[in-house]
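Enquirer: Coordinates in target_39.tsv, TSV, C-alpha atoms, are listed below.
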```tsv
chain	number	residue	atom	x	y	z
O	1	MET	CA	40.52	142.91	-11.24
O	2	SER	CA	39.29	139.78	-9.48
O	3	SER	CA	36.09	139.14	-7.57
O	4	PRO	CA	36.06	140.61	-4.04
O	5	ALA	CA	36.69	138.60	-0.92
O	6	ASN	CA	33.53	137.05	0.56
O	7	ALA	CA	31.80	137.36	-2.81
O	8	VAL	CA	29.98	135.02	-5.17
O	9	GLU	CA	28.79	135.50	-8.72
O	10	VAL	CA	25.22	136.77	-8.76
O	11	GLU	CA	22.41	134.78	-10.35
O	12	SER	CA	20.78	137.81	-11.97
O	13	GLY	CA	22.02	141.39	-12.03
O	14	THR	CA	22.60	144.56	-14.01
O	15	LEU	CA	24.95	147.53	-13.85
O	16	ASP	CA	24.29	150.67	-15.89
O	17	VAL	CA	26.68	153.64	-15.94
O	18	VAL	CA	26.39	156.95	-17.79
O	19	SER	CA	29.61	158.96	-17.94
O	20	GLU	CA	29.63	162.64	-18.91
O	21	VAL	CA	32.10	163.94	-21.46
O	22	GLY	CA	35.24	164.81	-19.52
O	23	ASP	CA	34.69	162.25	-16.77
O	24	PRO	CA	38.04	160.44	-16.36
O	25	VAL	CA	36.54	157.21	-14.99
O	26	GLY	CA	34.01	156.42	-17.70
O	27	GLY	CA	35.56	158.41	-20.52
O	28	GLY	CA	32.24	159.99	-21.53
O	29	TYR	CA	30.55	156.75	-22.58
O	30	SER	CA	27.51	154.80	-21.45
O	31	TYR	CA	27.79	151.21	-20.22
O	32	ALA	CA	25.33	148.40	-19.60
O	33	TYR	CA	26.11	144.95	-18.21
O	34	SER	CA	23.98	142.04	-17.13
O	35	ASP	CA	24.63	138.67	-15.53
O	36	GLY	CA	22.16	135.90	-16.20
O	37	GLU	CA	21.58	132.73	-18.16
O	38	SER	CA	21.95	134.40	-21.57
O	39	SER	CA	24.77	136.83	-20.74
O	40	ALA	CA	28.53	136.44	-20.89
O	41	ASP	CA	29.08	139.32	-18.43
O	42	ALA	CA	29.95	138.33	-14.87
O	43	MET	CA	28.90	140.19	-11.71
O	44	TYR	CA	30.12	139.48	-8.20
O	45	ALA	CA	28.81	140.93	-4.95
O	46	GLY	CA	29.92	140.72	-1.35
O	47	TRP	CA	29.88	142.60	1.90
O	48	ASP	CA	32.62	142.93	4.48
O	49	ASN	CA	32.52	141.11	7.81
O	50	ASP	CA	30.79	143.79	9.86
O	51	GLY	CA	28.28	144.83	7.18
O	52	ASN	CA	29.91	148.25	6.78
O	53	LYS	CA	30.18	148.20	2.99
O	54	VAL	CA	29.05	146.29	-0.07
O	55	THR	CA	31.17	145.72	-3.16
O	56	VAL	CA	30.00	144.90	-6.69
O	57	ILE	CA	32.50	143.78	-9.32
O	58	VAL	CA	31.63	143.53	-13.02
O	59	GLN	CA	33.74	141.65	-15.54
O	60	GLY	CA	32.32	142.49	-18.96
O	61	ALA	CA	32.34	140.00	-21.79
O	62	ASN	CA	34.13	142.68	-23.85
O	63	GLY	CA	36.98	142.97	-21.32
O	64	ASP	CA	35.55	145.90	-19.32
O	65	ARG	CA	36.13	145.94	-15.56
O	66	TRP	CA	34.10	147.91	-13.03
O	67	SER	CA	34.10	148.13	-9.25
O	68	VAL	CA	31.43	149.84	-7.13
O	69	VAL	CA	31.99	150.14	-3.38
O	70	MET	CA	29.31	151.72	-1.16
O	71	GLY	CA	29.82	151.99	2.56
O	72	ALA	CA	28.44	153.61	5.68
O	73	GLU	CA	30.63	155.68	7.95
O	74	TYR	CA	33.34	153.76	9.75
O	75	GLY	CA	31.98	151.46	12.46
O	76	GLU	CA	28.36	151.66	11.27
O	77	GLN	CA	26.31	149.09	9.38
O	78	LEU	CA	25.19	149.91	5.87
O	79	VAL	CA	21.37	150.10	5.61
O	80	PRO	CA	18.92	151.32	2.96
O	81	GLY	CA	18.86	155.10	2.61
O	82	THR	CA	20.62	158.04	0.96
O	83	TYR	CA	24.25	158.77	1.76
O	84	THR	CA	25.71	162.17	0.85
O	85	GLY	CA	29.19	163.58	1.21
O	86	ALA	CA	30.74	160.22	0.29
O	87	SER	CA	34.26	159.72	-1.04
O	88	ASP	CA	36.72	156.96	-1.82
O	89	THR	CA	38.79	157.92	1.25
O	90	PRO	CA	36.15	159.27	3.63
O	91	ALA	CA	36.91	161.33	6.69
O	92	LEU	CA	35.70	160.05	10.05
O	93	GLY	CA	31.91	160.15	10.11
O	94	ALA	CA	31.48	160.21	6.33
O	95	PRO	CA	30.26	157.41	4.03
O	96	ARG	CA	32.34	155.72	1.37
O	97	LEU	CA	31.79	155.63	-2.39
O	98	SER	CA	34.33	154.41	-4.90
O	99	VAL	CA	33.47	153.71	-8.54
O	100	SER	CA	36.35	152.69	-10.79
O	101	GLY	CA	35.97	151.69	-14.40
O	102	THR	CA	37.65	150.45	-17.51
O	103	PHE	CA	39.75	153.61	-17.80
O	104	TYR	CA	40.79	154.05	-14.15
O	105	GLY	CA	39.63	155.21	-10.75
O	106	CYS	CA	40.34	158.53	-9.09
O	107	GLU	CA	40.14	160.46	-5.85
O	108	SER	CA	36.40	160.89	-5.88
O	109	GLU	CA	33.35	162.32	-4.16
O	110	GLY	CA	29.64	161.76	-4.56
O	111	SER	CA	26.51	160.22	-3.10
O	112	PHE	CA	24.49	157.03	-3.33
O	113	THR	CA	21.07	155.67	-2.43
O	114	ILE	CA	20.29	152.11	-1.44
O	115	ASP	CA	16.62	151.35	-2.03
O	116	ARG	CA	16.76	147.68	-1.15
O	117	MET	CA	19.42	145.43	0.35
O	118	VAL	CA	19.18	141.95	1.86
O	119	LEU	CA	22.38	140.42	3.20
O	120	GLY	CA	23.03	136.79	4.05
O	121	PRO	CA	25.87	135.18	6.01
O	122	ARG	CA	29.57	135.36	5.21
O	123	GLY	CA	29.39	138.16	2.66
O	124	TYR	CA	26.42	136.78	0.71
O	125	VAL	CA	24.26	139.45	-0.94
O	126	GLU	CA	20.72	138.22	-1.59
O	127	SER	CA	19.46	141.42	-3.21
O	128	LEU	CA	20.59	144.97	-3.90
O	129	ASP	CA	18.98	147.95	-5.64
O	130	ALA	CA	21.10	151.10	-5.54
O	131	SER	CA	21.99	154.22	-7.50
O	132	PHE	CA	25.05	156.47	-7.30
O	133	GLU	CA	26.65	159.61	-8.69
O	134	GLN	CA	30.34	160.38	-8.55
O	135	ASN	CA	32.91	162.82	-9.89
O	136	CYS	CA	36.65	163.02	-9.51
O	137	VAL	CA	37.77	165.70	-7.07
O	138	GLY	CA	38.34	168.95	-8.98
O	139	VAL	CA	36.62	167.66	-12.13
O	140	ALA	CA	33.06	168.80	-12.82
O	141	PRO	CA	31.95	166.09	-15.27
O	142	GLY	CA	31.04	162.87	-13.49
O	143	LEU	CA	29.07	159.70	-13.82
O	144	THR	CA	25.80	158.23	-12.59
O	145	GLY	CA	24.77	154.63	-12.36
O	146	GLN	CA	22.43	151.98	-11.04
O	147	VAL	CA	23.04	148.45	-9.84
O	148	HIS	CA	20.39	145.78	-9.36
O	149	LEU	CA	21.00	142.17	-8.40
O	150	THR	CA	19.08	139.21	-7.08
O	151	ASN	CA	20.34	135.91	-5.69
O	152	PRO	CA	18.51	132.90	-4.27
O	153	PRO	CA	18.10	132.74	-0.49
O	154	PRO	CA	21.55	132.14	1.00
O	155	PRO	CA	22.70	128.52	1.26
O	156	ALA	CA	23.13	127.21	4.78
O	157	GLU	CA	26.65	127.27	6.15
O	158	LEU	CA	28.54	123.99	6.37
O	159	THR	CA	28.18	122.08	9.62
O	160	LEU	CA	30.32	119.15	10.71
O	161	GLY	CA	30.05	116.42	13.31
O	162	VAL	CA	32.78	114.08	14.54
O	163	ASP	CA	32.72	111.01	16.79
O	164	ILE	CA	35.41	108.68	18.05
O	165	ALA	CA	35.01	104.99	18.78
O	166	ALA	CA	35.36	103.80	22.37
O	167	SER	CA	37.99	101.26	21.36
O	168	GLY	CA	41.35	101.56	19.62
O	169	THR	CA	44.55	99.60	19.24
O	170	VAL	CA	48.19	99.81	20.19
O	171	GLY	CA	50.90	98.10	18.16
O	172	ALA	CA	53.94	96.21	19.30
O	173	ASP	CA	55.93	99.41	18.69
O	174	GLY	CA	53.76	101.31	21.20
O	175	LYS	CA	52.00	103.42	18.57
O	176	PRO	CA	48.24	103.91	19.16
O	177	ALA	CA	45.53	103.94	16.51
O	178	VAL	CA	42.01	105.39	16.79
O	179	HIS	CA	38.98	105.59	14.53
O	180	GLY	CA	35.50	107.11	14.31
O	181	THR	CA	33.09	108.85	11.95
O	182	VAL	CA	32.38	112.32	10.63
O	183	THR	CA	29.16	113.85	9.28
O	184	CYS	CA	28.65	116.88	7.04
O	185	THR	CA	25.91	118.94	5.40
O	186	GLU	CA	27.87	119.51	2.15
O	187	PRO	CA	30.28	117.26	0.24
O	188	VAL	CA	33.72	118.14	1.65
O	189	ASN	CA	37.10	116.71	2.46
O	190	VAL	CA	37.45	116.70	6.24
O	191	LEU	CA	40.59	116.89	8.36
O	192	VAL	CA	40.31	114.98	11.64
O	193	ASN	CA	43.08	115.51	14.18
O	194	GLY	CA	43.79	115.40	17.85
O	195	SER	CA	46.02	113.98	20.57
O	196	LEU	CA	46.25	111.04	22.95
O	197	SER	CA	47.72	110.68	26.41
O	198	GLN	CA	48.08	107.70	28.74
O	199	VAL	CA	49.65	107.10	32.13
O	200	VAL	CA	51.55	103.85	31.58
O	201	ALA	CA	52.36	101.17	34.14
O	202	LYS	CA	55.62	102.76	35.30
O	203	GLY	CA	53.91	106.09	35.93
O	204	SER	CA	55.29	107.82	32.86
O	205	LEU	CA	53.05	109.81	30.51
O	206	ALA	CA	52.75	108.60	26.94
O	207	THR	CA	51.63	111.23	24.43
O	208	ALA	CA	50.85	111.15	20.73
O	209	SER	CA	49.26	113.23	17.99
O	210	TYR	CA	47.28	112.07	14.98
O	211	HIS	CA	45.60	113.39	11.85
O	212	THR	CA	43.85	112.02	8.81
O	213	ARG	CA	41.60	113.17	5.97
O	214	VAL	CA	38.37	111.66	4.72
O	215	ASP	CA	35.84	112.56	2.02
O	216	CYS	CA	32.40	113.17	3.53
O	217	THR	CA	29.02	113.02	1.79
O	218	PRO	CA	25.83	114.41	3.39
O	219	GLY	CA	23.50	111.81	4.84
O	220	THR	CA	26.08	109.09	5.42
O	221	PRO	CA	28.63	109.05	8.26
O	222	ALA	CA	32.14	108.72	6.82
O	223	ALA	CA	34.53	106.41	8.64
O	224	TRP	CA	37.99	107.68	9.53
O	225	ALA	CA	41.01	105.98	11.05
O	226	ALA	CA	44.34	107.42	12.13
O	227	ASP	CA	47.66	106.14	13.48
O	228	GLY	CA	49.17	108.13	16.28
O	229	THR	CA	52.68	109.57	16.23
O	230	VAL	CA	54.31	109.22	19.66
O	231	THR	CA	55.58	112.65	20.69
O	232	GLY	CA	57.24	112.11	24.07
O	233	GLY	CA	59.31	108.98	23.53
O	234	VAL	CA	57.15	106.89	25.89
O	235	PRO	CA	55.29	104.06	24.12
O	236	PHE	CA	51.61	103.41	24.72
O	237	GLU	CA	50.34	100.26	26.39
O	238	LYS	CA	47.14	98.26	26.50
O	239	GLY	CA	44.52	100.16	28.53
O	240	ASP	CA	42.58	103.39	28.62
O	241	ALA	CA	43.88	106.55	26.95
O	242	ALA	CA	42.52	110.09	27.02
O	243	VAL	CA	41.83	111.32	23.49
O	244	GLU	CA	41.06	114.78	22.14
O	245	PHE	CA	39.53	115.09	18.68
O	246	LYS	CA	38.13	117.66	16.28
O	247	ALA	CA	37.24	118.00	12.60
O	248	GLN	CA	37.59	120.87	10.15
O	249	ALA	CA	36.80	121.58	6.50
O	250	THR	CA	36.42	124.52	4.12
O	251	ASP	CA	32.87	125.66	3.46
O	252	PRO	CA	32.42	125.09	-0.31
O	253	VAL	CA	30.09	128.09	-0.70
O	254	TYR	CA	31.46	130.75	1.64
O	255	GLY	CA	35.11	129.69	1.75
O	256	HIS	CA	35.70	129.94	5.50
O	257	THR	CA	37.09	127.15	7.68
O	258	VAL	CA	34.54	125.30	9.82
O	259	VAL	CA	35.96	123.66	12.95
O	260	THR	CA	34.06	121.50	15.42
O	261	ASP	CA	34.37	121.99	19.15
O	262	LEU	CA	37.20	120.01	20.71
O	263	GLY	CA	35.88	116.65	21.90
O	264	THR	CA	37.33	114.45	24.60
O	265	ALA	CA	36.85	110.76	25.24
O	266	SER	CA	38.34	107.77	27.03
O	267	VAL	CA	39.40	105.14	24.51
O	268	SER	CA	40.28	101.56	25.45
O	269	LEU	CA	43.41	100.44	23.59
O	270	SER	CA	43.88	96.73	22.90
O	271	LYS	CA	46.87	94.99	21.41
O	272	SER	CA	46.73	94.85	17.62
```
Is it possible to express this structure as structure tokens?
Expert:
Amino acid sequence: MSSPANAVEVESGTLDVVSEVGDPVGGGYSYAYSDGESSADAMYAGWDNDGNKVTVIVQGANGDRWSVVMGAEYGEQLVPGTYTGASDTPALGAPRLSVSGTFYGCESEGSFTIDRMVLGPRGYVESLDASFEQNCVGVAPGLTGQVHLTNPPPPAELTLGVDIAASGTVGADGKPAVHGTVTCTEPVNVLVNGSLSQVVAKGSLATASYHTRVDCTPGTPAAWAADGTVTGGVPFEKGDAAVEFKAQATDPVYGHTVVTDLGTASVSLSKS
């Protein structure tokens, strides 16, 4: 069992589960896990993209694995409150609850209460206090549990900026070259790419694409330079060319791809 998508390890958290004798999921035992500076247990938390459900994963230092999924009815946002009539495969209009443990999961039913929940961007869970009770369908013994976790305020999402210089070069082979700078709010490797076009002296259209990568550090614009690859067979010449450019990188905290808006500029190409 791996950590859920859109999830990060929590800074401080606990999961406590009490399983009744005969409960297939917990095997009739009690469990307690914590994630913090002095604990070897690991807890992960995340919410899905529309805020419909929250997932907590526990990887115990002793090899135990637990998953707790609590969700509102389909299409609704999960908010603090008590949810009854929940199941792991809810009917339309019913909430979702799925607790699987070291032994296994099951077709289940139950209820849960969320006392406190603060969600950040991109699946980040800042805080969660919740309790739940569940039993496998057709089995009277069940389990109860509580989960509590606290994270720092969510880090800001990565932002990028990209600029292109007003001048470039064109080689004797008709291949253009452009350069510029990128900025970032987190240390990342940035892909810069785009295209060039130019109406040459004989009225033909020269086209090219380009891409390059550059390491970016916050606070200092990082210089980039890229050689174009001619795509239409028509070489570029000295003069103005229309250039499109953009930058993209993976957010180091949230894992999504950040892409700048497509920029356009007129770049003066000189012979190199």
Enquirer: Measure the distance from CA of Pro187 (chain O) to CA of Val162 (chain O) in Å and round it to one decimal.
Expert: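 Calculated distance between CA of Pro187 (chain O) and CA of Val162 (chain O) is 14.9 Å.
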Enquirer: When distances are computed from only C-alpha atoms, which of O:Thr231, O:Asn52, O:Thr113, O:Ser39 shows the smallest separation from Tyr74 (chain O)?
Expert: O:Asn52
Enquirer: Rank nothing, just name the residue among O:Thr185, O:Asn62, O:Thr264, O:Ser67 nearest to Gly219 (chain O), using all atoms listed in the file.
Expert: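 Counting all atoms listed in the file, the residue closest to Gly219 (chain O) is O:Thr185.
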Enquirer: Ranking O:Gly85, O:Pro153, O:Gly51, O:Gly27 by minimum distance to Tyr104 (chain O) and counting only C-alpha atoms, which one comes first?
Expert: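 When distances to Tyr104 (chain O) are compared using only C-alpha atoms, the smallest one comes from O:Gly27.
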Enquirer: For a quick check of understanding, using only C-alpha atoms, which of O:Val147, O:Val178, O:Thr82, O:Ser100 has the smallest distance to Ser34 (chain O)?
Expert: O:Val147
Enquirer: Using only C-alpha atoms, what residues lie at most 10 Å away from (21.4, 131.6, 1.9) (file coordinates), given as an MDAnalysis selection string?
Expert: chainID O and resid 119:122 124:126 151:157 253
Enquirer: Could those selected residues go to a file with C-alpha atoms, as a PDB file, in the frame of the given file?
Expert:
```pdb
ATOM      1  CA  LEU O 119      22.380 140.420   3.200  1.00  0.00           C
ATOM      2  CA  GLY O 120      23.030 136.790   4.050  1.00  0.00           C
ATOM      3  CA  PRO O 121      25.870 135.180   6.010  1.00  0.00           C
ATOM      4  CA  ARG O 122      29.570 135.360   5.210  1.00  0.00           C
ATOM      5  CA  TYR O 124      26.420 136.780   0.710  1.00  0.00           C
ATOM      6  CA  VAL O 125      24.260 139.450  -0.940  1.00  0.00           C
ATOM      7  CA  GLU O 126      20.720 138.220  -1.590  1.00  0.00           C
ATOM      8  CA  ASN O 151      20.340 135.910  -5.690  1.00  0.00           C
ATOM      9  CA  PRO O 152      18.510 132.900  -4.270  1.00  0.00           C
ATOM     10  CA  PRO O 153      18.100 132.740  -0.490  1.00  0.00           C
ATOM     11  CA  PRO O 154      21.550 132.140   1.000  1.00  0.00           C
ATOM     12  CA  PRO O 155      22.700 128.520   1.260  1.00  0.00           C
ATOM     13  CA  ALA O 156      23.130 127.210   4.780  1.00  0.00           C
ATOM     14  CA  GLU O 157      26.650 127.270   6.150  1.00  0.00           C
ATOM     15  CA  VAL O 253      30.090 128.090  -0.700  1.00  0.00           C
TER      16      VAL O 253
END
```
Enquirer: Nearest to Ala45 (chain O): which of O:Pro176, O:Gly123, O:Gly171, O:Gly81 is it, counting only C-alpha atoms?
Expert: O:Gly123
Enquirer: Fewer than 2 positions away in the same chain doesn't count, so skip those; otherwise give me all residues within 12 Å of Ala140 (chain O), counting all atoms listed in the file, as a list in words.
Expert: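 Answer for this query is Ser19, Glu20, Val21, Gly22, Asp23, Pro24, Ser108, Glu109, Gly110, Glu133, Gln134, Asn135, Cys136, Val137, Gly138, Gly142 and Leu143 of chain O.
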Enquirer: Could you pull the residues within 8 Å of Tyr31 (chain O), counting only C-alpha atoms, minus those fewer than 2 positions along the same chain, as a ChimeraX atom specification?
Expert: /O:15-18,29,33
Enquirer: Please save C-alpha atoms of the selected residues as a PDB file, in the frame of the given file.
Expert:
```pdb
ATOM      1  CA  LEU O  15      24.950 147.530 -13.850  1.00  0.00           C
ATOM      2  CA  ASP O  16      24.290 150.670 -15.890  1.00  0.00           C
ATOM      3  CA  VAL O  17      26.680 153.640 -15.940  1.00  0.00           C
ATOM      4  CA  VAL O  18      26.390 156.950 -17.790  1.00  0.00           C
ATOM      5  CA  TYR O  29      30.550 156.750 -22.580  1.00  0.00           C
ATOM      6  CA  TYR O  33      26.110 144.950 -18.210  1.00  0.00           C
TER       7      TYR O  33
END
```
